[in-house]
Structure formats: C-alpha cells, structure tokens
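> To be precise about what I am sending: the file is called work_26.json and holds JSON, C-alpha atoms and all ligand atoms.
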```json
[["chain", "number", "residue", "atom", "x", "y", "z"],
["G", 10, "MET", "CA", 38.96, 86.09, 19.59],
["G", 11, "LEU", "CA", 35.84, 85.44, 21.66],
["G", 12, "GLU", "CA", 32.35, 85.48, 20.27],
["G", 13, "ILE", "CA", 29.35, 84.78, 22.45],
["G", 14, "LYS", "CA", 26.16, 84.29, 20.49],
["G", 15, "ASP", "CA", 22.68, 84.40, 22.00],
["G", 16, "LEU", "CA", 23.95, 82.46, 24.99],
["G", 17, "HIS", "CA", 21.39, 81.01, 27.37],
["G", 18, "ALA", "CA", 22.42, 78.97, 30.42],
["G", 19, "LYS", "CA", 21.13, 77.68, 33.73],
["G", 20, "LEU", "CA", 22.31, 75.75, 36.74],
["G", 21, "ARG", "CA", 22.42, 72.03, 35.99],
["G", 22, "ASP", "CA", 19.81, 71.06, 38.60],
["G", 23, "GLU", "CA", 17.46, 73.99, 38.14],
["G", 24, "GLU", "CA", 15.04, 75.14, 35.47],
["G", 25, "LYS", "CA", 15.43, 78.89, 35.74],
["G", 26, "GLU", "CA", 17.63, 80.54, 33.13],
["G", 27, "ILE", "CA", 20.41, 82.78, 34.45],
["G", 28, "LEU", "CA", 21.92, 83.79, 31.10],
["G", 29, "LYS", "CA", 19.13, 85.03, 28.86],
["G", 30, "GLY", "CA", 20.70, 85.69, 25.49],
["G", 31, "VAL", "CA", 24.18, 87.16, 25.88],
["G", 32, "ASN", "CA", 25.87, 88.54, 22.76],
["G", 33, "LEU", "CA", 29.47, 89.70, 22.99],
["G", 34, "ARG", "CA", 32.36, 89.91, 20.60],
["G", 35, "ILE", "CA", 35.92, 90.61, 21.75],
["G", 36, "GLU", "CA", 38.81, 91.03, 19.33],
["G", 37, "LYS", "CA", 42.35, 89.93, 20.12],
["G", 38, "GLY", "CA", 44.17, 92.34, 22.42],
["G", 39, "GLU", "CA", 41.06, 94.30, 23.40],
["G", 40, "VAL", "CA", 39.97, 95.28, 26.91],
["G", 41, "HIS", "CA", 36.26, 94.88, 27.61],
["G", 42, "VAL", "CA", 34.45, 95.73, 30.82],
["G", 43, "LEU", "CA", 31.23, 94.14, 32.02],
["G", 44, "MET", "CA", 29.34, 96.06, 34.70],
["G", 45, "GLY", "CA", 26.08, 95.06, 36.28],
["G", 46, "PRO", "CA", 24.19, 94.78, 39.55],
["G", 47, "ASN", "CA", 24.66, 91.96, 42.03],
["G", 48, "GLY", "CA", 22.89, 88.78, 41.05],
["G", 49, "SER", "CA", 22.58, 89.70, 37.37],
["G", 50, "GLY", "CA", 24.60, 86.65, 36.28],
["G", 51, "LYS", "CA", 28.08, 88.07, 35.65],
["G", 52, "SER", "CA", 29.92, 85.31, 37.47],
["G", 53, "THR", "CA", 27.68, 82.77, 35.78],
["G", 54, "LEU", "CA", 28.72, 84.12, 32.39],
["G", 55, "ALA", "CA", 32.41, 83.80, 33.31],
["G", 56, "ASN", "CA", 31.86, 80.26, 34.60],
["G", 57, "VAL", "CA", 29.94, 79.22, 31.49],
["G", 58, "VAL", "CA", 32.72, 80.53, 29.24],
["G", 59, "MET", "CA", 35.20, 78.48, 31.30],
["G", 60, "GLY", "CA", 32.97, 75.40, 31.11],
["G", 61, "ASN", "CA", 32.14, 74.98, 34.80],
["G", 62, "PRO", "CA", 30.06, 71.76, 34.86],
["G", 63, "LYS", "CA", 27.60, 73.23, 37.41],
["G", 64, "TYR", "CA", 26.00, 75.09, 34.50],
["G", 65, "VAL", "CA", 24.47, 73.98, 31.21],
["G", 66, "VAL", "CA", 24.12, 75.93, 27.99],
["G", 67, "THR", "CA", 20.53, 75.68, 26.79],
["G", 68, "LYS", "CA", 20.87, 77.79, 23.65],
["G", 69, "GLY", "CA", 23.46, 79.72, 21.67],
["G", 70, "ASP", "CA", 27.18, 79.24, 21.29],
["G", 71, "ILE", "CA", 30.63, 80.33, 22.46],
["G", 72, "LEU", "CA", 33.32, 80.64, 19.80],
["G", 73, "PHE", "CA", 37.01, 81.01, 20.55],
["G", 74, "GLU", "CA", 39.03, 81.96, 17.50],
["G", 75, "GLY", "CA", 36.15, 80.87, 15.32],
["G", 76, "ARG", "CA", 35.74, 77.45, 16.86],
["G", 77, "SER", "CA", 32.89, 76.40, 19.13],
["G", 78, "ILE", "CA", 34.12, 75.59, 22.65],
["G", 79, "LYS", "CA", 30.65, 75.09, 24.13],
["G", 80, "ASP", "CA", 31.11, 71.35, 24.50],
["G", 81, "LEU", "CA", 34.77, 71.31, 25.54],
["G", 82, "PRO", "CA", 35.70, 70.40, 29.12],
["G", 83, "PRO", "CA", 37.29, 73.18, 31.22],
["G", 84, "ASP", "CA", 40.85, 71.83, 30.94],
["G", 85, "GLU", "CA", 40.63, 71.89, 27.13],
["G", 86, "ARG", "CA", 39.49, 75.50, 27.29],
["G", 87, "ALA", "CA", 42.40, 76.29, 29.61],
["G", 88, "LYS", "CA", 44.77, 74.71, 27.10],
["G", 89, "LEU", "CA", 43.40, 77.00, 24.41],
["G", 90, "GLY", "CA", 44.47, 79.88, 26.66],
["G", 91, "ILE", "CA", 41.26, 80.86, 28.43],
["G", 92, "MET", "CA", 41.42, 81.61, 32.13],
["G", 93, "MET", "CA", 39.23, 83.23, 34.74],
["G", 94, "THR", "CA", 40.03, 84.53, 38.19],
["G", 95, "PHE", "CA", 37.42, 83.72, 40.81],
["G", 96, "GLN", "CA", 35.33, 86.23, 42.70],
["G", 97, "ASN", "CA", 35.43, 83.86, 45.68],
["G", 98, "PRO", "CA", 38.47, 81.61, 45.26],
["G", 99, "TYR", "CA", 38.23, 78.06, 46.61],
["G", 100, "GLU", "CA", 40.26, 77.04, 49.64],
["G", 101, "ILE", "CA", 42.04, 73.74, 49.12],
["G", 102, "GLU", "CA", 43.51, 72.18, 52.22],
["G", 103, "GLY", "CA", 46.57, 70.01, 51.58],
["G", 104, "VAL", "CA", 47.52, 71.54, 48.22],
["G", 105, "LYS", "CA", 50.39, 74.01, 48.33],
["G", 106, "PHE", "CA", 49.95, 77.13, 46.24],
["G", 107, "SER", "CA", 53.30, 76.59, 44.45],
["G", 108, "GLN", "CA", 52.44, 72.98, 43.71],
["G", 109, "PHE", "CA", 49.05, 73.98, 42.34],
["G", 110, "LEU", "CA", 50.56, 76.66, 40.11],
["G", 111, "ILE", "CA", 53.34, 74.51, 38.72],
["G", 112, "THR", "CA", 50.95, 71.61, 38.04],
["G", 113, "SER", "CA", 48.55, 74.01, 36.29],
["G", 114, "HIS", "CA", 51.41, 75.43, 34.22],
["G", 115, "ARG", "CA", 52.40, 71.95, 33.11],
["G", 116, "LYS", "CA", 48.81, 71.12, 32.20],
["G", 117, "VAL", "CA", 48.39, 74.25, 30.11],
["G", 118, "HIS", "CA", 51.85, 74.69, 28.61],
["G", 119, "GLY", "CA", 53.29, 71.18, 28.76],
["G", 120, "GLU", "CA", 56.87, 70.55, 29.83],
["G", 121, "GLU", "CA", 58.42, 73.44, 27.90],
["G", 122, "LYS", "CA", 60.16, 74.79, 31.03],
["G", 123, "ASN", "CA", 61.88, 72.78, 33.72],
["G", 124, "TYR", "CA", 60.88, 72.87, 37.37],
["G", 125, "LEU", "CA", 63.66, 75.19, 38.48],
["G", 126, "GLU", "CA", 62.92, 77.73, 35.77],
["G", 127, "LEU", "CA", 59.25, 77.73, 36.68],
["G", 128, "ARG", "CA", 60.03, 77.97, 40.37],
["G", 129, "ARG", "CA", 62.31, 80.97, 39.86],
["G", 130, "GLU", "CA", 59.74, 82.72, 37.68],
["G", 131, "LEU", "CA", 57.07, 82.10, 40.29],
["G", 132, "GLU", "CA", 59.16, 83.48, 43.13],
["G", 133, "ASN", "CA", 59.94, 86.63, 41.16],
["G", 134, "GLN", "CA", 56.31, 87.18, 40.27],
["G", 135, "SER", "CA", 55.20, 86.49, 43.82],
["G", 136, "GLU", "CA", 57.58, 89.14, 45.08],
["G", 137, "LYS", "CA", 56.37, 91.56, 42.45],
["G", 138, "LEU", "CA", 52.92, 91.15, 43.96],
["G", 139, "GLY", "CA", 54.21, 91.68, 47.47],
["G", 140, "LEU", "CA", 53.35, 88.14, 48.51],
["G", 141, "GLY", "CA", 56.81, 86.81, 49.29],
["G", 142, "ARG", "CA", 58.18, 83.30, 48.97],
["G", 143, "ASP", "CA", 56.73, 81.65, 52.04],
["G", 144, "PHE", "CA", 53.31, 82.53, 50.72],
["G", 145, "LEU", "CA", 53.86, 79.97, 47.96],
["G", 146, "GLU", "CA", 54.26, 77.22, 50.54],
["G", 147, "ARG", "CA", 50.86, 77.80, 52.12],
["G", 148, "TYR", "CA", 47.81, 75.73, 51.23],
["G", 149, "LEU", "CA", 45.82, 77.20, 48.36],
["G", 150, "ASN", "CA", 43.77, 80.14, 49.67],
["G", 151, "VAL", "CA", 43.51, 78.58, 53.14],
["G", 152, "GLY", "CA", 43.61, 81.43, 55.66],
["G", 153, "PHE", "CA", 44.48, 83.96, 52.96],
["G", 154, "SER", "CA", 43.00, 87.40, 53.66],
["G", 155, "GLY", "CA", 40.59, 88.86, 51.12],
["G", 156, "GLY", "CA", 43.35, 90.95, 49.55],
["G", 157, "GLU", "CA", 45.78, 88.02, 49.49],
["G", 158, "LYS", "CA", 43.23, 85.88, 47.67],
["G", 159, "LYS", "CA", 42.87, 88.53, 44.98],
["G", 160, "ARG", "CA", 46.63, 88.84, 44.62],
["G", 161, "ALA", "CA", 46.93, 85.07, 44.47],
["G", 162, "GLU", "CA", 44.45, 85.06, 41.59],
["G", 163, "ILE", "CA", 46.52, 87.68, 39.76],
["G", 164, "LEU", "CA", 49.67, 85.68, 40.40],
["G", 165, "GLN", "CA", 48.01, 82.74, 38.67],
["G", 166, "ALA", "CA", 47.23, 84.92, 35.66],
["G", 167, "LEU", "CA", 50.75, 86.30, 35.59],
["G", 168, "PHE", "CA", 52.31, 82.87, 35.86],
["G", 169, "LEU", "CA", 49.98, 80.98, 33.53],
["G", 170, "LYS", "CA", 49.88, 83.79, 30.95],
["G", 171, "PRO", "CA", 46.51, 83.02, 29.35],
["G", 172, "ARG", "CA", 45.48, 84.47, 25.98],
["G", 173, "LEU", "CA", 42.03, 85.49, 27.19],
["G", 174, "LEU", "CA", 41.75, 86.50, 30.84],
["G", 175, "ILE", "CA", 38.39, 86.97, 32.53],
["G", 176, "LEU", "CA", 38.70, 88.88, 35.80],
["G", 177, "ASP", "CA", 35.67, 88.40, 38.04],
["G", 178, "GLU", "CA", 35.55, 91.25, 40.55],
["G", 179, "ILE", "CA", 39.29, 91.22, 41.05],
["G", 180, "ASP", "CA", 38.97, 94.71, 42.54],
["G", 181, "SER", "CA", 36.43, 94.09, 45.28],
["G", 182, "GLY", "CA", 37.76, 94.46, 48.81],
["G", 183, "LEU", "CA", 41.13, 95.88, 47.81],
["G", 184, "ASP", "CA", 42.75, 98.95, 49.33],
["G", 185, "VAL", "CA", 44.01, 101.67, 47.00],
["G", 186, "ASP", "CA", 47.63, 100.49, 46.92],
["G", 187, "ALA", "CA", 46.68, 96.91, 46.10],
["G", 188, "LEU", "CA", 44.23, 98.18, 43.50],
["G", 189, "LYS", "CA", 46.91, 100.26, 41.76],
["G", 190, "LEU", "CA", 49.35, 97.37, 41.81],
["G", 191, "ILE", "CA", 46.82, 94.98, 40.35],
["G", 192, "ALA", "CA", 45.71, 97.51, 37.73],
["G", 193, "LYS", "CA", 49.34, 97.93, 36.66],
["G", 194, "ILE", "CA", 49.82, 94.19, 36.31],
["G", 195, "ILE", "CA", 46.59, 93.82, 34.36],
["G", 196, "ALA", "CA", 47.58, 96.67, 32.03],
["G", 197, "ASP", "CA", 51.03, 95.10, 31.51],
["G", 198, "LEU", "CA", 49.48, 91.73, 30.69],
["G", 199, "ASN", "CA", 47.33, 93.46, 28.10],
["G", 200, "LYS", "CA", 50.37, 95.18, 26.61],
["G", 201, "GLU", "CA", 51.93, 91.74, 26.26],
["G", 202, "GLY", "CA", 48.90, 90.75, 24.19],
["G", 203, "VAL", "CA", 46.51, 89.25, 26.74],
["G", 204, "THR", "CA", 42.87, 89.97, 25.85],
["G", 205, "LEU", "CA", 40.81, 91.06, 28.85],
["G", 206, "LEU", "CA", 37.23, 90.79, 30.02],
["G", 207, "ILE", "CA", 36.97, 92.70, 33.29],
["G", 208, "ILE", "CA", 33.87, 92.13, 35.41],
["G", 209, "THR", "CA", 33.39, 94.80, 38.03],
["G", 210, "HIS", "CA", 30.93, 96.85, 40.03],
["G", 211, "TYR", "CA", 33.15, 99.86, 40.32],
["G", 212, "LYS", "CA", 34.78, 102.37, 38.08],
["G", 213, "ARG", "CA", 37.81, 102.85, 40.33],
["G", 214, "LEU", "CA", 39.84, 99.99, 38.80],
["G", 215, "LEU", "CA", 39.11, 101.36, 35.34],
["G", 216, "ASP", "CA", 40.57, 104.73, 36.30],
["G", 217, "TYR", "CA", 43.99, 103.08, 36.51],
["G", 218, "LEU", "CA", 43.80, 101.36, 33.13],
["G", 219, "GLU", "CA", 45.04, 103.10, 30.00],
["G", 220, "ARG", "CA", 43.14, 101.03, 27.52],
["G", 221, "ILE", "CA", 39.43, 100.27, 27.57],
["G", 222, "ASP", "CA", 37.80, 99.36, 24.27],
["G", 223, "ARG", "CA", 34.22, 98.68, 25.30],
["G", 224, "VAL", "CA", 32.05, 98.89, 28.40],
["G", 225, "HIS", "CA", 28.95, 96.71, 28.57],
["G", 226, "VAL", "CA", 26.05, 97.14, 30.93],
["G", 227, "TYR", "CA", 24.75, 93.78, 31.99],
["G", 228, "VAL", "CA", 21.36, 93.41, 33.62],
["G", 229, "ASP", "CA", 19.39, 90.25, 34.35],
["G", 230, "GLY", "CA", 21.33, 87.84, 32.16],
["G", 231, "ARG", "CA", 21.99, 89.97, 29.13],
["G", 232, "ILE", "CA", 23.93, 92.94, 27.83],
["G", 233, "VAL", "CA", 21.54, 95.85, 27.62],
["G", 234, "LYS", "CA", 23.88, 98.60, 26.51],
["G", 235, "SER", "CA", 27.44, 98.93, 25.20],
["G", 236, "GLY", "CA", 29.66, 101.93, 24.75],
["G", 237, "GLY", "CA", 33.09, 103.41, 25.27],
["G", 238, "ALA", "CA", 34.87, 104.12, 28.56],
["G", 239, "ASP", "CA", 32.47, 107.02, 29.22],
["G", 240, "LEU", "CA", 29.68, 104.57, 29.82],
["G", 241, "ALA", "CA", 31.38, 103.58, 33.10],
["G", 242, "ASP", "CA", 31.16, 107.21, 34.30],
["G", 243, "GLU", "CA", 27.52, 107.29, 33.38],
["G", 244, "ILE", "CA", 26.84, 104.11, 35.35],
["G", 245, "GLU", "CA", 28.71, 105.44, 38.36],
["G", 246, "GLU", "CA", 26.55, 108.51, 38.23],
["G", 247, "LYS", "CA", 23.14, 107.09, 37.41],
["G", 248, "GLY", "CA", 23.33, 103.44, 38.44],
["G", 249, "TYR", "CA", 22.24, 100.61, 36.19],
["G", 250, "SER", "CA", 18.82, 102.01, 35.44],
["G", 251, "LEU", "CA", 20.27, 104.08, 32.62],
["G", 252, "GLU", "CA", 17.92, 105.82, 30.32],
["G", 253, "GLY", "CA", 17.27, 103.87, 27.18],
["G", 254, "VAL", "CA", 18.63, 100.71, 28.70],
["G", 255, "ARG", "CA", 15.47, 98.67, 28.42],
["R", 301, "LIG", "P1", 26.60, 88.17, 39.74],
["R", 301, "LIG", "O1", 27.97, 87.62, 39.55],
["R", 301, "LIG", "O2", 26.19, 89.14, 38.68],
["R", 301, "LIG", "O3", 26.40, 88.75, 41.12],
["R", 301, "LIG", "P2", 25.80, 85.40, 39.72],
["R", 301, "LIG", "O4", 26.18, 84.85, 38.39],
["R", 301, "LIG", "O5", 26.69, 85.08, 40.86],
["R", 301, "LIG", "O6", 25.57, 86.98, 39.60],
["R", 301, "LIG", "O7", 24.36, 84.89, 40.08],
["R", 301, "LIG", "C1", 23.22, 85.05, 39.24],
["R", 301, "LIG", "C2", 22.03, 84.31, 39.84],
["R", 301, "LIG", "O8", 22.22, 82.91, 39.75],
["R", 301, "LIG", "C3", 21.81, 84.59, 41.30],
["R", 301, "LIG", "O9", 20.43, 84.59, 41.55],
["R", 301, "LIG", "C4", 22.49, 83.44, 41.99],
["R", 301, "LIG", "O10", 21.93, 83.16, 43.24],
["R", 301, "LIG", "C5", 22.27, 82.29, 41.01],
["R", 301, "LIG", "N1", 23.42, 81.36, 41.02],
["R", 301, "LIG", "C6", 24.52, 81.45, 40.24],
["R", 301, "LIG", "N2", 25.39, 80.44, 40.50],
["R", 301, "LIG", "C7", 24.84, 79.72, 41.48],
["R", 301, "LIG", "C8", 25.23, 78.53, 42.18],
["R", 301, "LIG", "N3", 26.38, 77.92, 41.93],
["R", 301, "LIG", "N4", 24.39, 78.06, 43.13],
["R", 301, "LIG", "C9", 23.22, 78.69, 43.40],
["R", 301, "LIG", "N5", 22.79, 79.78, 42.77],
["R", 301, "LIG", "C10", 23.57, 80.31, 41.82],
["R", 302, "MG", "MG", 27.65, 89.09, 42.79],
["R", 303, "MG", "MG", 29.62, 87.70, 40.63]]
```
Is it possible to give me this structure as structure tokens?

Amino acid sequence: MLEIKDLHAKLRDEEKEILKGVNLRIEKGEVHVLMGPNGSGKSTLANVVMGNPKYVVTKGDILFEGRSIKDLPPDERAKLGIMMTFQNPYEIEGVKFSQFLITSHRKVHGEEKNYLELRRELENQSEKLGLGRDFLERYLNVGFSGGEKKRAEILQALFLKPRLLILDEIDSGLDVDALKLIAKIIADLNKEGVTLLIITHYKRLLDYLERIDRVHVYVDGRIVKSGGADLADEIEEKGYSLEGVR
C-alpha cells in the first residue's frame, strides 16, 4: 500500500537534511510501529508523507498503491485515503470542530452522505470517545486539554475513515483509561481494514493492540532496525542504542 524509497527531505528554507534515506514498505491492512528518540525526524516523516509544504523531498520517492504521490498536494493525498493525526494539533479560532469535520468529510468523500446523516454519525462517534455533543460546537482545539486534543484527533480518524492512518504520538500525555479507549478504537479501525503506521516513544500503547506486524527503530532520519513486536520490548529495555543498530 505504502512504499517509501530512499526518502530524503529537509525544511523548505533550510539546507540540513532531516530525512536521510528512509525505506519502508507497508502492505494493506498491516500495523507498523515506528519508534525513535526525540528529534530523530519521526514527525517530519509523517508530514512529508502527507505533503506538508513546509518540507521538500530532495531524493527518493513515496508510492501509494504503486503510484508516486511525492508531487501531489496534501488534499489530493487525503482524497486517496491518507491521513495523519498531529502530535501537536493546531488551534483554529473561529472554526467549529463539527464544521471542520463535516467540511473535511465532504472534501475527502464527496457528497455521498447528507448533512444530517453525517451529523448523527459524528455525534455517536463523539460520544463513543467520551467527548459529548457540545464538544463539537467548540472551536477546533482551542482550549482543549492535552487529552481532549488527542481524542479529537482520533475522532477525525474515526469519522473520516482513511485507508492509511499515520498516528503521530497519539499516546503521549494520556492517562491509562484514555489510552485503552484509544487503543481499542485504533484496533477496531484496523479490523475494518485501515492500514496503520503508529509513531510512538512508548510500548504501553502497543500492549493494548492485538496486531503488530513490524516494529521499526528510527534514529537520525532513517530506519536502522526492523523486527517483530518483540523489538519494542527490547527498545523499552535497552533504549535506542541497541546492539547492532549502527
Ligand atoms: P521527532 O518527531 O522524531 O521528535 P521532528 O521530525 O519533530 O522529530 O524533528 C526532527 C528535527 O527537525 C528536529 O531537529 C527539529 O527541530 C527539526 N524540525 C522539524 N520540523 C521543523 C519545523 N517545522 N521547524 C523547525 N524545525 C523543525
Ligand atoms: Mg518529538
Ligand atoms: Mg514528533
């Protein structure tokens, strides 16, 4: 489904490379985990796959279902079914969360469902996440607590139902109950066929997931080691300076 080939990228107005040759292949329906230290370029990788214009690809390619998406604008990538949740979601004053979600749904899926249907779906999903209905009428992320922001990101994923979902540190700053709830929703999305790339520092989210196909250790802009779910235990134990990593 997703194939990243020798991907190099940098910030648009800087020279220094952040991605230094990433190679990654994810098949449809799989769950991949990317773990790496702070500042290693994990969020940059997610942003580059989404097409955030702050970054430029200097070498390599990104294929989605065999087709290069490297030069597509972010909204075209979203239409193909690619979505990321943000580590630090933007606050947008004046835009209601519900309005944002319904507009995004229309952009991605067209007019296949009418407003009332979408609205009902959204309210149900919001309740499922323990956010309630009035939450939907607040401005996007404005004054949301850390945990609420993370849940709001998951609500977007649930509502927009992407085909490939990249979760950037969805688990940071969550208490155990919220973590379990989010893990359950993520696992359910995967069972419905959503392919997952989970970026995290911690193993604790992974403990609640049934399916993990590959774990990748990511250091300084590239994947330095890949393995099964056990690799996450090893990282937890030994840190990122694993033997044989470099
Ligand atoms: P990670 O998500 O692994 O913590 P990031 O991708 O956020 O790493 O950052 C990798 C490096 O690139 C860091 O040195 C960071 O400061 C820099 N960087 C990434 N994005 C930006 C940005 N938008 N503005 C300034 N620096 C950035
Ligand atoms: Mg970081
Ligand atoms: Mg990050």
> Quote the spacing between CA of Leu11 in chain G and CA of Ile71 in chain G in Å to one decimal place.
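Computing it gives 7.3 Å between the two atoms.
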> Quick one: of G:Thr112, G:Gln165, G:Ser107, G:Asn61, who's nearest to Leu145 in chain G, counting all atoms listed in the file?
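Result for the nearest residue to Leu145 in chain G: G:Ser107.
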> With ligand MG 302 (chain R) as the partner and 10 Å as the cut-off, tabulate the residues of chain G that qualify, each row holding the nearest pair of atoms and their distance in Å to one decimal, using all atoms listed in the file, sorted by chain and rising number, as a tab-separated table.

```
residue	atom	partner	partner_atom	distance
G:Gly45	CA	R:MG302	MG	9.0
G:Pro46	CA	R:MG302	MG	7.4
G:Asn47	CA	R:MG302	MG	4.2
G:Gly48	CA	R:MG302	MG	5.1
G:Ser49	CA	R:MG302	MG	7.4
G:Gly50	CA	R:MG302	MG	7.6
G:Lys51	CA	R:MG302	MG	7.2
G:Ser52	CA	R:MG302	MG	6.9
G:Thr53	CA	R:MG302	MG	9.4
G:Gln96	CA	R:MG302	MG	8.2
G:Asn97	CA	R:MG302	MG	9.8
G:Asp177	CA	R:MG302	MG	9.3
G:Glu178	CA	R:MG302	MG	8.5
G:Thr209	CA	R:MG302	MG	9.4
G:His210	CA	R:MG302	MG	8.9
```
> Of the candidates G:Ser113, G:Ser235, G:Thr94, G:Ser135, which one gets nearest to ligand MG 303 (chain R) if we count all atoms listed in the file?
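Checking each of G:Ser113, G:Ser235, G:Thr94, G:Ser135 against ligand MG 303 (chain R), counting all atoms listed in the file, the winner is G:Thr94.
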> To one decimal place in Å, what is the distance between CA of Arg231 in chain G and CA of Gly202 in chain G?
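CA of Arg231 in chain G sits 27.4 Å away from CA of Gly202 in chain G.
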> Can you pull out every residue within 10 Å of Lys137 in chain G, counting all atoms listed in the file, but drop anything in the same chain fewer than 3 positions away, and send it as a PyMOL selection string?
chain G and resi 131-134+140-141+164+190+194
